[in-house]
>>> print(open('query_32.tsv').read())   # TSV, C-alpha atoms
chain	number	residue	atom	x	y	z
A	1	MET	CA	0.00	0.00	0.00
A	2	SER	CA	1.46	3.36	-1.04
A	3	ASP	CA	2.02	6.24	1.34
A	4	TYR	CA	-0.73	8.83	1.64
A	5	LEU	CA	-1.92	11.54	4.01
A	6	GLY	CA	-3.19	9.87	7.17
A	7	LYS	CA	-1.88	6.37	6.40
A	8	ASP	CA	-0.82	5.81	10.00
A	9	THR	CA	-3.87	7.43	11.62
A	10	PHE	CA	-5.95	5.24	13.97
A	11	LYS	CA	-8.63	3.93	11.62
A	12	LEU	CA	-11.59	4.74	13.87
A	13	GLY	CA	-12.53	8.41	14.03
A	14	PHE	CA	-14.84	9.96	16.63
A	15	GLY	CA	-17.68	11.73	14.83
A	16	LEU	CA	-19.19	14.38	17.08
A	17	MET	CA	-22.52	14.78	15.29
A	18	ARG	CA	-24.66	12.32	17.27
A	19	LEU	CA	-23.41	12.89	20.80
A	20	PRO	CA	-25.35	11.60	23.84
A	21	LYS	CA	-28.09	13.97	24.96
A	22	PHE	CA	-30.41	14.46	27.90
A	23	GLU	CA	-34.17	14.47	27.40
A	24	ASN	CA	-34.15	18.27	27.10
A	25	GLY	CA	-31.79	18.05	24.13
A	26	ASP	CA	-28.64	19.24	25.90
A	27	ILE	CA	-25.45	17.28	25.22
A	28	ASP	CA	-24.33	15.03	28.07
A	29	VAL	CA	-20.80	16.47	28.28
A	30	GLU	CA	-19.77	14.26	31.20
A	31	GLN	CA	-20.54	11.13	29.19
A	32	VAL	CA	-18.71	12.64	26.20
A	33	LYS	CA	-15.65	13.11	28.44
A	34	GLN	CA	-15.71	9.43	29.32
A	35	MET	CA	-16.03	8.52	25.65
A	36	VAL	CA	-13.12	10.79	24.75
A	37	ASP	CA	-10.98	9.21	27.48
A	38	LEU	CA	-11.65	5.68	26.23
A	39	PHE	CA	-11.02	6.71	22.64
A	40	ILE	CA	-7.66	8.37	23.33
A	41	GLU	CA	-6.56	5.59	25.67
A	42	ALA	CA	-7.11	3.11	22.82
A	43	GLY	CA	-5.00	5.17	20.42
A	44	GLY	CA	-7.68	7.28	18.78
A	45	THR	CA	-6.69	10.75	17.60
A	46	TYR	CA	-9.17	12.00	14.96
A	47	PHE	CA	-12.19	14.04	16.13
A	48	ASP	CA	-14.72	15.42	13.65
A	49	THR	CA	-17.20	18.22	14.33
A	50	ALA	CA	-18.80	21.02	12.28
A	51	PHE	CA	-20.11	24.57	12.57
A	52	ALA	CA	-23.58	23.21	11.76
A	53	TYR	CA	-23.64	20.52	14.49
A	54	THR	CA	-25.56	22.23	17.27
A	55	GLY	CA	-23.55	22.25	20.50
A	56	SER	CA	-20.89	19.91	19.13
A	57	GLU	CA	-17.99	22.36	18.88
A	58	GLU	CA	-18.59	23.59	22.41
A	59	ALA	CA	-18.72	19.99	23.64
A	60	ALA	CA	-15.43	19.31	21.87
A	61	ARG	CA	-13.86	22.18	23.79
A	62	LYS	CA	-15.10	20.95	27.16
A	63	ALA	CA	-14.50	17.23	26.66
A	64	LEU	CA	-11.33	17.34	24.57
A	65	VAL	CA	-9.53	20.65	24.04
A	66	GLU	CA	-9.56	21.76	27.68
A	67	ARG	CA	-8.47	18.34	28.92
A	68	TYR	CA	-5.74	17.11	26.56
A	69	PRO	CA	-2.51	18.56	25.11
A	70	ARG	CA	-3.20	20.07	21.71
A	71	GLU	CA	-0.59	17.94	19.96
A	72	SER	CA	-2.15	14.69	21.23
A	73	TYR	CA	-5.15	14.73	18.89
A	74	THR	CA	-6.35	16.08	15.55
A	75	LEU	CA	-9.54	18.10	15.21
A	76	ALA	CA	-11.62	18.56	12.06
A	77	THR	CA	-14.48	20.99	11.54
A	78	LYS	CA	-16.42	22.35	8.59
A	79	LEU	CA	-17.86	25.45	6.93
A	80	ILE	CA	-21.21	25.08	5.16
A	81	ALA	CA	-22.77	27.27	2.48
A	82	LYS	CA	-26.50	27.13	3.15
A	83	GLY	CA	-29.31	29.39	4.32
A	84	ASP	CA	-31.25	32.34	2.94
A	85	ASN	CA	-29.06	35.15	4.25
A	86	MET	CA	-25.63	34.01	3.12
A	87	THR	CA	-22.93	36.56	2.41
A	88	GLU	CA	-19.23	36.07	1.87
A	89	GLU	CA	-18.60	37.72	5.22
A	90	SER	CA	-21.08	35.53	7.13
A	91	LEU	CA	-19.72	32.33	5.61
A	92	LYS	CA	-16.11	33.20	6.38
A	93	GLN	CA	-17.17	34.12	9.90
A	94	GLU	CA	-18.10	30.45	10.42
A	95	PHE	CA	-14.39	29.64	10.66
A	96	TRP	CA	-13.74	32.24	13.34
A	97	THR	CA	-16.84	31.16	15.25
A	98	SER	CA	-15.68	27.54	15.15
A	99	LEU	CA	-12.24	28.59	16.38
A	100	GLU	CA	-13.83	30.46	19.29
A	101	ARG	CA	-16.27	27.68	20.15
A	102	THR	CA	-13.59	24.99	20.24
A	103	GLY	CA	-10.70	27.03	21.63
A	104	ALA	CA	-8.46	24.77	19.57
A	105	GLY	CA	-6.12	27.49	18.25
A	106	TYR	CA	-6.02	25.85	14.82
A	107	PHE	CA	-7.69	22.98	12.99
A	108	ASP	CA	-5.79	19.97	11.73
A	109	TYR	CA	-8.42	19.29	9.06
A	110	TYR	CA	-10.84	21.87	7.67
A	111	LEU	CA	-13.60	21.08	5.21
A	112	LEU	CA	-16.01	22.85	2.91
A	113	HIS	CA	-19.11	21.03	4.07
A	114	ALA	CA	-21.73	18.97	2.19
A	115	VAL	CA	-20.67	19.95	-1.33
A	116	GLN	CA	-23.27	18.78	-3.85
A	117	ARG	CA	-24.96	19.84	-7.09
A	118	ARG	CA	-27.30	22.32	-5.43
A	119	ASN	CA	-24.60	24.35	-3.65
A	120	TYR	CA	-21.15	23.71	-5.13
A	121	GLU	CA	-21.17	26.95	-7.10
A	122	LEU	CA	-21.67	28.94	-3.88
A	123	TYR	CA	-18.22	27.91	-2.68
A	124	GLU	CA	-16.81	29.52	-5.83
A	125	LYS	CA	-19.10	32.54	-5.71
A	126	PHE	CA	-18.06	33.44	-2.17
A	127	HIS	CA	-14.34	32.69	-2.74
A	128	LEU	CA	-14.26	29.98	-0.09
A	129	TRP	CA	-11.68	27.81	-1.86
A	130	ASP	CA	-9.29	30.76	-1.74
A	131	PHE	CA	-10.28	31.44	1.86
A	132	VAL	CA	-9.20	28.02	3.13
A	133	LYS	CA	-5.90	28.33	1.27
A	134	GLU	CA	-5.29	31.65	3.03
A	135	LEU	CA	-6.08	30.04	6.38
A	136	LYS	CA	-3.58	27.29	5.67
A	137	ALA	CA	-0.90	29.80	4.68
A	138	LYS	CA	-1.45	31.53	8.04
A	139	GLY	CA	-1.11	28.23	9.94
A	140	LEU	CA	-4.72	28.28	11.13
A	141	ILE	CA	-5.45	24.97	9.41
A	142	ARG	CA	-3.06	22.14	8.59
A	143	HIS	CA	-4.96	20.35	5.82
A	144	TYR	CA	-8.02	21.34	3.82
A	145	GLY	CA	-10.59	19.35	1.89
A	146	PHE	CA	-14.34	19.00	1.42
A	147	SER	CA	-17.15	16.62	2.29
A	148	PHE	CA	-19.03	15.42	-0.77
A	149	HIS	CA	-22.59	14.27	-1.49
A	150	ALA	CA	-22.86	14.10	-5.25
A	151	ASP	CA	-22.02	12.25	-8.44
A	152	PRO	CA	-18.62	11.11	-9.73
A	153	GLU	CA	-18.70	13.61	-12.58
A	154	LEU	CA	-18.85	16.57	-10.19
A	155	LEU	CA	-16.15	15.05	-7.98
A	156	GLU	CA	-13.87	14.68	-11.00
A	157	GLU	CA	-14.55	18.29	-11.96
A	158	LEU	CA	-13.80	19.65	-8.49
A	159	LEU	CA	-10.58	17.69	-8.00
A	160	THR	CA	-9.37	18.76	-11.43
A	161	LYS	CA	-10.17	22.41	-10.73
A	162	HIS	CA	-8.73	22.34	-7.20
A	163	PRO	CA	-5.69	20.04	-7.38
A	164	ASP	CA	-4.27	21.26	-4.07
A	165	VAL	CA	-7.18	19.74	-2.09
A	166	GLU	CA	-5.57	17.25	0.30
A	167	PHE	CA	-8.47	15.00	1.27
A	168	VAL	CA	-12.16	14.35	0.63
A	169	GLN	CA	-14.82	13.12	3.04
A	170	LEU	CA	-17.08	10.56	1.37
A	171	GLN	CA	-20.12	8.53	2.33
A	172	MET	CA	-18.85	4.96	2.11
A	173	ASN	CA	-20.45	1.75	3.34
A	174	TYR	CA	-21.15	-1.71	2.01
A	175	ALA	CA	-24.79	-0.85	1.26
A	176	ASP	CA	-23.81	2.06	-0.99
A	177	TRP	CA	-20.66	0.52	-2.45
A	178	ASP	CA	-22.24	0.06	-5.88
A	179	ASN	CA	-25.33	2.22	-5.33
A	180	PRO	CA	-25.46	4.49	-8.41
A	181	GLY	CA	-27.02	7.29	-6.37
A	182	VAL	CA	-24.28	7.50	-3.74
A	183	ALA	CA	-21.52	5.88	-5.82
A	184	SER	CA	-19.24	5.04	-2.88
A	185	ARG	CA	-16.84	2.86	-4.86
A	186	ARG	CA	-16.56	5.14	-7.88
A	187	ASN	CA	-16.03	8.30	-5.84
A	188	TRP	CA	-13.35	6.53	-3.76
A	189	GLU	CA	-11.63	5.39	-6.96
A	190	ILE	CA	-11.63	8.95	-8.32
A	191	CYS	CA	-10.04	10.25	-5.12
A	192	LYS	CA	-7.33	7.61	-5.36
A	193	ALA	CA	-6.70	8.45	-9.02
A	194	HIS	CA	-6.14	12.08	-8.00
A	195	GLY	CA	-3.91	11.07	-5.10
A	196	LYS	CA	-6.35	12.27	-2.45
A	197	SER	CA	-6.86	10.66	0.93
A	198	VAL	CA	-10.37	9.94	2.16
A	199	THR	CA	-12.13	10.30	5.49
A	200	VAL	CA	-15.27	8.19	5.65
A	201	MET	CA	-18.70	9.31	6.87
A	202	GLU	CA	-21.84	7.21	7.26
A	203	PRO	CA	-20.06	3.83	7.47
A	204	VAL	CA	-23.22	2.39	9.07
A	205	LYS	CA	-25.51	4.50	6.85
A	206	GLY	CA	-27.12	6.55	9.60
A	207	GLY	CA	-27.62	3.47	11.78
A	208	ILE	CA	-29.27	1.31	9.11
A	209	LEU	CA	-26.31	-1.09	9.10
A	210	ALA	CA	-26.00	-1.03	12.88
A	211	ASP	CA	-29.44	-2.65	13.06
A	212	PRO	CA	-29.80	-4.22	9.61
A	213	ILE	CA	-32.73	-6.09	8.12
A	214	PRO	CA	-33.31	-9.66	9.39
A	215	ALA	CA	-31.83	-11.25	6.26
A	216	VAL	CA	-28.53	-9.44	6.82
A	217	LYS	CA	-28.52	-10.22	10.54
A	218	ALA	CA	-28.94	-13.91	9.73
A	219	ILE	CA	-25.88	-13.84	7.47
A	220	PHE	CA	-23.69	-12.26	10.14
A	221	ASP	CA	-25.16	-14.37	12.96
A	222	ALA	CA	-24.27	-17.53	11.06
A	223	GLU	CA	-20.59	-16.63	11.42
A	224	ASN	CA	-20.94	-17.08	15.18
A	225	ASN	CA	-17.88	-14.91	15.87
A	226	GLY	CA	-19.39	-12.56	18.44
A	227	LEU	CA	-18.85	-9.47	16.30
A	228	SER	CA	-21.53	-6.78	16.32
A	229	TYR	CA	-23.40	-5.71	13.20
A	230	PRO	CA	-21.71	-2.27	13.11
A	231	SER	CA	-18.30	-3.95	13.25
A	232	TRP	CA	-18.85	-5.58	9.87
A	233	ALA	CA	-19.69	-2.23	8.29
A	234	ILE	CA	-16.84	-0.26	9.84
A	235	ARG	CA	-14.20	-2.94	9.23
A	236	PHE	CA	-15.29	-3.31	5.60
A	237	ILE	CA	-14.53	0.34	4.87
A	238	ALA	CA	-11.46	0.59	7.12
A	239	SER	CA	-9.94	-2.25	5.07
A	240	LYS	CA	-9.74	-0.04	1.98
A	241	ASP	CA	-6.61	1.92	1.15
A	242	HIS	CA	-6.18	5.71	1.04
A	243	ILE	CA	-8.45	5.93	4.09
A	244	ILE	CA	-7.40	8.41	6.79
A	245	THR	CA	-10.06	7.23	9.24
A	246	VAL	CA	-13.63	5.93	9.40
A	247	LEU	CA	-15.89	8.26	11.36
A	248	SER	CA	-18.40	6.73	13.72
A	249	GLY	CA	-21.02	9.03	15.24
A	250	MET	CA	-21.10	7.30	18.62
A	251	SER	CA	-23.97	8.28	20.91
A	252	ASN	CA	-23.08	6.51	24.15
A	253	LEU	CA	-20.34	4.70	26.03
A	254	GLU	CA	-21.58	1.30	24.91
A	255	GLN	CA	-21.14	2.18	21.24
A	256	MET	CA	-17.65	3.50	21.93
A	257	LYS	CA	-16.67	0.32	23.79
A	258	ASP	CA	-18.03	-1.88	21.01
A	259	ASN	CA	-16.18	0.04	18.29
A	260	LEU	CA	-12.91	-0.03	20.21
A	261	SER	CA	-13.24	-3.77	20.85
A	262	TYR	CA	-12.48	-4.51	17.21
A	263	MET	CA	-10.72	-1.32	16.05
A	264	ARG	CA	-8.10	-1.09	18.83
A	265	ASP	CA	-6.11	-3.84	17.11
A	266	PHE	CA	-7.70	-3.48	13.70
A	267	LYS	CA	-7.06	-6.09	11.05
A	268	PRO	CA	-8.44	-5.77	7.49
A	269	LEU	CA	-11.14	-8.20	6.40
A	270	ASN	CA	-9.88	-11.54	5.13
A	271	GLU	CA	-11.14	-13.22	1.95
A	272	HIS	CA	-13.88	-15.16	3.76
A	273	GLU	CA	-15.16	-12.03	5.51
A	274	GLU	CA	-15.25	-10.17	2.20
A	275	GLU	CA	-17.47	-12.95	0.85
A	276	VAL	CA	-19.78	-12.59	3.87
A	277	ILE	CA	-20.13	-8.89	3.06
A	278	ARG	CA	-20.97	-9.72	-0.56
A	279	ARG	CA	-23.81	-11.94	0.66
A	280	ALA	CA	-25.04	-9.15	2.93
A	281	GLN	CA	-24.98	-6.75	-0.03
A	282	ALA	CA	-27.06	-9.18	-2.08
A	283	ALA	CA	-29.61	-9.43	0.74
A	284	LEU	CA	-29.86	-5.64	0.90
A	285	ASP	CA	-30.30	-5.43	-2.87
A	286	ALA	CA	-33.27	-7.78	-2.59
A	287	ASP	CA	-34.87	-5.70	0.16
A	288	GLN	CA	-37.51	-3.10	-0.70
A	289	SER	CA	-37.11	-0.86	2.36
A	290	ILE	CA	-36.57	2.88	1.89
A	291	PRO	CA	-32.84	3.49	2.56
A	292	CYS	CA	-33.35	6.77	4.43
A	293	THR	CA	-30.67	7.60	7.03
A	294	GLY	CA	-32.78	10.14	8.94
A	295	CYS	CA	-30.37	13.04	8.39
A	296	HIS	CA	-33.32	15.49	8.00
A	297	TYR	CA	-31.61	17.56	5.32
A	298	CYS	CA	-34.84	17.12	3.35
A	299	THR	CA	-37.05	18.68	6.02
A	300	GLU	CA	-35.11	21.89	6.67
A	301	GLY	CA	-36.73	23.74	3.77
A	302	CYS	CA	-39.96	21.76	3.30
A	303	PRO	CA	-42.76	24.33	2.80
A	304	MET	CA	-45.34	21.86	4.08
A	305	ASN	CA	-43.36	20.81	7.19
A	306	ILE	CA	-43.60	17.13	6.29
A	307	PRO	CA	-41.59	14.82	8.62
A	308	ILE	CA	-40.23	12.82	5.70
A	309	PRO	CA	-37.75	10.52	7.52
A	310	GLU	CA	-40.31	9.66	10.19
A	311	ILE	CA	-42.93	8.77	7.56
A	312	PHE	CA	-40.40	6.58	5.74
A	313	LEU	CA	-39.57	4.84	9.03
A	314	VAL	CA	-43.25	4.02	9.59
A	315	GLU	CA	-43.45	2.62	6.05
A	316	ASN	CA	-40.37	0.46	6.61
A	317	ARG	CA	-41.63	-0.84	9.94
A	318	LYS	CA	-44.98	-1.71	8.41
A	319	LYS	CA	-43.19	-3.93	5.90
A	320	GLY	CA	-41.07	-5.54	8.57
A	321	SER	CA	-43.78	-6.46	11.06
A	322	PRO	CA	-47.40	-7.51	10.47
A	323	GLU	CA	-48.17	-6.54	14.08
A	324	PHE	CA	-46.88	-2.97	13.71
A	325	ARG	CA	-49.57	-0.42	14.58
A	326	THR	CA	-49.13	1.52	11.36
A	327	LYS	CA	-52.03	3.99	11.52
A	328	ARG	CA	-51.32	4.91	15.13
A	329	GLU	CA	-47.60	5.50	14.53
A	330	TYR	CA	-48.28	7.49	11.37
A	331	THR	CA	-50.73	9.72	13.26
A	332	ILE	CA	-48.14	10.32	15.98
A	333	VAL	CA	-45.28	11.34	13.66
A	334	THR	CA	-47.49	13.66	11.58
A	335	GLN	CA	-49.41	15.27	14.43
A	336	GLY	CA	-49.24	19.04	13.98
A	337	ARG	CA	-47.13	18.61	10.85
A	338	GLY	CA	-47.63	17.83	7.19
A	339	ARG	CA	-48.74	14.44	5.90
A	340	ALA	CA	-47.49	12.57	2.84
A	341	SER	CA	-50.54	13.75	0.90
A	342	ASP	CA	-49.64	17.40	1.62
A	343	CYS	CA	-46.56	17.22	-0.62
A	344	ILE	CA	-46.69	19.91	-3.34
A	345	GLN	CA	-43.85	18.26	-5.30
A	346	CYS	CA	-41.61	21.33	-5.17
A	347	GLY	CA	-38.51	19.12	-5.27
A	348	GLN	CA	-36.61	20.93	-2.49
A	349	CYS	CA	-36.24	17.67	-0.57
A	350	GLU	CA	-34.80	15.72	-3.49
A	351	GLY	CA	-32.18	18.39	-4.12
A	352	ALA	CA	-31.09	18.16	-0.48
A	353	CYS	CA	-31.06	14.36	-0.06
A	354	PRO	CA	-27.52	12.92	0.27
A	355	GLN	CA	-28.93	9.49	-0.62
A	356	HIS	CA	-30.49	10.84	-3.84
A	357	LEU	CA	-33.83	9.23	-3.02
A	358	PRO	CA	-36.90	9.83	-5.25
A	359	ILE	CA	-38.69	11.39	-2.28
A	360	ILE	CA	-41.70	12.74	-4.18
A	361	GLU	CA	-42.47	9.31	-5.63
A	362	LEU	CA	-41.93	7.64	-2.26
A	363	LEU	CA	-44.25	10.08	-0.49
A	364	GLU	CA	-46.95	9.32	-3.04
A	365	LYS	CA	-46.68	5.64	-2.11
A	366	CYS	CA	-46.72	6.50	1.60
A	367	GLN	CA	-50.11	8.20	1.23
A	368	ALA	CA	-51.56	4.72	1.68
A	369	LEU	CA	-50.56	4.99	5.35
A	370	GLU	CA	-53.33	7.56	5.80
A	371	ASN	CA	-56.14	5.13	4.95
>>> encode(input="query_32.tsv", output="structure tokens")
Amino acid sequence: MSDYLGKDTFKLGFGLMRLPKFENGDIDVEQVKQMVDLFIEAGGTYFDTAFAYTGSEEAARKALVERYPRESYTLATKLIAKGDNMTEESLKQEFWTSLERTGAGYFDYYLLHAVQRRNYELYEKFHLWDFVKELKAKGLIRHYGFSFHADPELLEELLTKHPDVEFVQLQMNYADWDNPGVASRRNWEICKAHGKSVTVMEPVKGGILADPIPAVKAIFDAENNGLSYPSWAIRFIASKDHIITVLSGMSNLEQMKDNLSYMRDFKPLNEHEEEVIRRAQAALDADQSIPCTGCHYCTEGCPMNIPIPEIFLVENRKKGSPEFRTKREYTIVTQGRGRASDCIQCGQCEGACPQHLPIIELLEKCQALEN
């Protein structure tokens, strides 16, 4: 395996997007501290947050920055071009706000966040590519890149236009490996061809692969090796080359302990394990569930306030269990909000979906839940 940026980095990264929370929505910082301690003790170094993750950067300061020497870890955060009142000044201010929130002094990795077809031109319009280069020249960031949610053609275009990008953050997991919408494999191959390292997001596809469909569970259970379902997903991606680290958005101590149990002394998948994954992929391909990760990007601008991920979850559960109280659950998730039949087909949701789901068509099918 050739040398690349991050080759020797601990292959499990701590994603700070889905941190443990109390019932009132506040982050449980004391539990985060315990998770950070376990992670660093095991050899972990890569922490990933973002300006847009509510409370996450502040939690990183309290649980990590104020408690460990700065040189003992690497911290990544992100700037995102979204919203109705964007200006070049307000977008660049995101960096300085992140620096203040974290107290980190500098960022080891800095990303232009969630680049996709609907917003990639904004990063050019507001001179943000030049901005991150200036920050690097000043020593305020060590490496810069972008997180990507689009097609291989756009990725090729961006890496050709910005050859000094050092790394790309991609959605990669065994469910999306050959999914034409997400194109995990092809995007990874393009990054390698351009000599770019990759950090991985969504290795368990928003939790879908942490609690997979029964057919996939049966395949893994038959191995009788005691490994958890998430371990198969994370180890599959961590076995690829040009990977800096695989980010796991751990939400409690138990998830941290499970991940460290197999990543502390990580070994790539062997040939038999790769075949097990291929059988799991075939089982997923045969499944008709809606592969929604619940990221809620689709709902942020929905004019009808439709809880799209929650409706899709009800639909999936209905298929999975004849005893599921479909009408009751549908009524609960749509109470005081829009229903599937309220969709005006504006297309905002489809433009925002990182999974590239045909949401309008799916909502039409979900109208049957109302009967």
>>> closest_residue(input="query_32.tsv", among="A:Met263, A:Leu112, A:Ala340, A:Ala222", to="A:Lys92", atoms="all atoms listed in the file")
A:Leu112
>>> residues_around(input="query_32.tsv", residues="A:Asp176", least_positions_apart="4", cutoff="10 Å", atoms="all atoms listed in the file", output="VMD selection string")
chain A and resid 171 to 172 180 to 185 202 to 203 205 281 284 291 355
>>> closest_residue(input="query_32.tsv", among="A:Glu94, A:Glu300, A:Asp108, A:Asp285", to="A:Phe47", atoms="only C-alpha atoms")
A:Asp108
>>> closest_residue(input="query_32.tsv", among="A:Gly83, A:Gly103, A:Gly44, A:Pro309", to="A:Arg67", atoms="only C-alpha atoms")
A:Gly103
>>> residues_around(input="query_32.tsv", residues="A:Tyr109", least_positions_apart="2", cutoff="7 Å", atoms="only C-alpha atoms", output="PyMOL selection string")
chain A and resi 75-77+107+111+141-144
>>> closest_residue(input="query_32.tsv", among="A:His194, A:Lys125, A:His272, A:Arg186", to="A:Leu159", atoms="all atoms listed in the file")
A:His194
>>> atom_distance(input="query_32.tsv", atom1="atom CA of A:Glu153", atom2="atom CA of A:Trp129")
19.1 Å
>>> decode(input="query_32.tsv", residues="stretch 278-359 of chain A", atoms="C-alpha atoms", output="compact mmCIF listing (two decimals), in the first residue's frame")
# COMPACT_ATOMS: atom_id res chain seq x y z
CA ARG A 278 -20.97 -9.72 -0.56
CA ARG A 279 -23.81 -11.94 0.66
CA ALA A 280 -25.04 -9.15 2.93
CA GLN A 281 -24.98 -6.75 -0.03
CA ALA A 282 -27.06 -9.18 -2.08
CA ALA A 283 -29.61 -9.43 0.74
CA LEU A 284 -29.86 -5.64 0.90
CA ASP A 285 -30.30 -5.43 -2.87
CA ALA A 286 -33.27 -7.78 -2.59
CA ASP A 287 -34.87 -5.70 0.16
CA GLN A 288 -37.51 -3.10 -0.70
CA SER A 289 -37.11 -0.86 2.36
CA ILE A 290 -36.57 2.88 1.89
CA PRO A 291 -32.84 3.49 2.56
CA CYS A 292 -33.35 6.77 4.43
CA THR A 293 -30.67 7.60 7.03
CA GLY A 294 -32.78 10.14 8.94
CA CYS A 295 -30.37 13.04 8.39
CA HIS A 296 -33.32 15.49 8.00
CA TYR A 297 -31.61 17.56 5.32
CA CYS A 298 -34.84 17.12 3.35
CA THR A 299 -37.05 18.68 6.02
CA GLU A 300 -35.11 21.89 6.67
CA GLY A 301 -36.73 23.74 3.77
CA CYS A 302 -39.96 21.76 3.30
CA PRO A 303 -42.76 24.33 2.80
CA MET A 304 -45.34 21.86 4.08
CA ASN A 305 -43.36 20.81 7.19
CA ILE A 306 -43.60 17.13 6.29
CA PRO A 307 -41.59 14.82 8.62
CA ILE A 308 -40.23 12.82 5.70
CA PRO A 309 -37.75 10.52 7.52
CA GLU A 310 -40.31 9.66 10.19
CA ILE A 311 -42.93 8.77 7.56
CA PHE A 312 -40.40 6.58 5.74
CA LEU A 313 -39.57 4.84 9.03
CA VAL A 314 -43.25 4.02 9.59
CA GLU A 315 -43.45 2.62 6.05
CA ASN A 316 -40.37 0.46 6.61
CA ARG A 317 -41.63 -0.84 9.94
CA LYS A 318 -44.98 -1.71 8.41
CA LYS A 319 -43.19 -3.93 5.90
CA GLY A 320 -41.07 -5.54 8.57
CA SER A 321 -43.78 -6.46 11.06
CA PRO A 322 -47.40 -7.51 10.47
CA GLU A 323 -48.17 -6.54 14.08
CA PHE A 324 -46.88 -2.97 13.71
CA ARG A 325 -49.57 -0.42 14.58
CA THR A 326 -49.13 1.52 11.36
CA LYS A 327 -52.03 3.99 11.52
CA ARG A 328 -51.32 4.91 15.13
CA GLU A 329 -47.60 5.50 14.53
CA TYR A 330 -48.28 7.49 11.37
CA THR A 331 -50.73 9.72 13.26
CA ILE A 332 -48.14 10.32 15.98
CA VAL A 333 -45.28 11.34 13.66
CA THR A 334 -47.49 13.66 11.58
CA GLN A 335 -49.41 15.27 14.43
CA GLY A 336 -49.24 19.04 13.98
CA ARG A 337 -47.13 18.61 10.85
CA GLY A 338 -47.63 17.83 7.19
CA ARG A 339 -48.74 14.44 5.90
CA ALA A 340 -47.49 12.57 2.84
CA SER A 341 -50.54 13.75 0.90
CA ASP A 342 -49.64 17.40 1.62
CA CYS A 343 -46.56 17.22 -0.62
CA ILE A 344 -46.69 19.91 -3.34
CA GLN A 345 -43.85 18.26 -5.30
CA CYS A 346 -41.61 21.33 -5.17
CA GLY A 347 -38.51 19.12 -5.27
CA GLN A 348 -36.61 20.93 -2.49
CA CYS A 349 -36.24 17.67 -0.57
CA GLU A 350 -34.80 15.72 -3.49
CA GLY A 351 -32.18 18.39 -4.12
CA ALA A 352 -31.09 18.16 -0.48
CA CYS A 353 -31.06 14.36 -0.06
CA PRO A 354 -27.52 12.92 0.27
CA GLN A 355 -28.93 9.49 -0.62
CA HIS A 356 -30.49 10.84 -3.84
CA LEU A 357 -33.83 9.23 -3.02
CA PRO A 358 -36.90 9.83 -5.25
CA ILE A 359 -38.69 11.39 -2.28
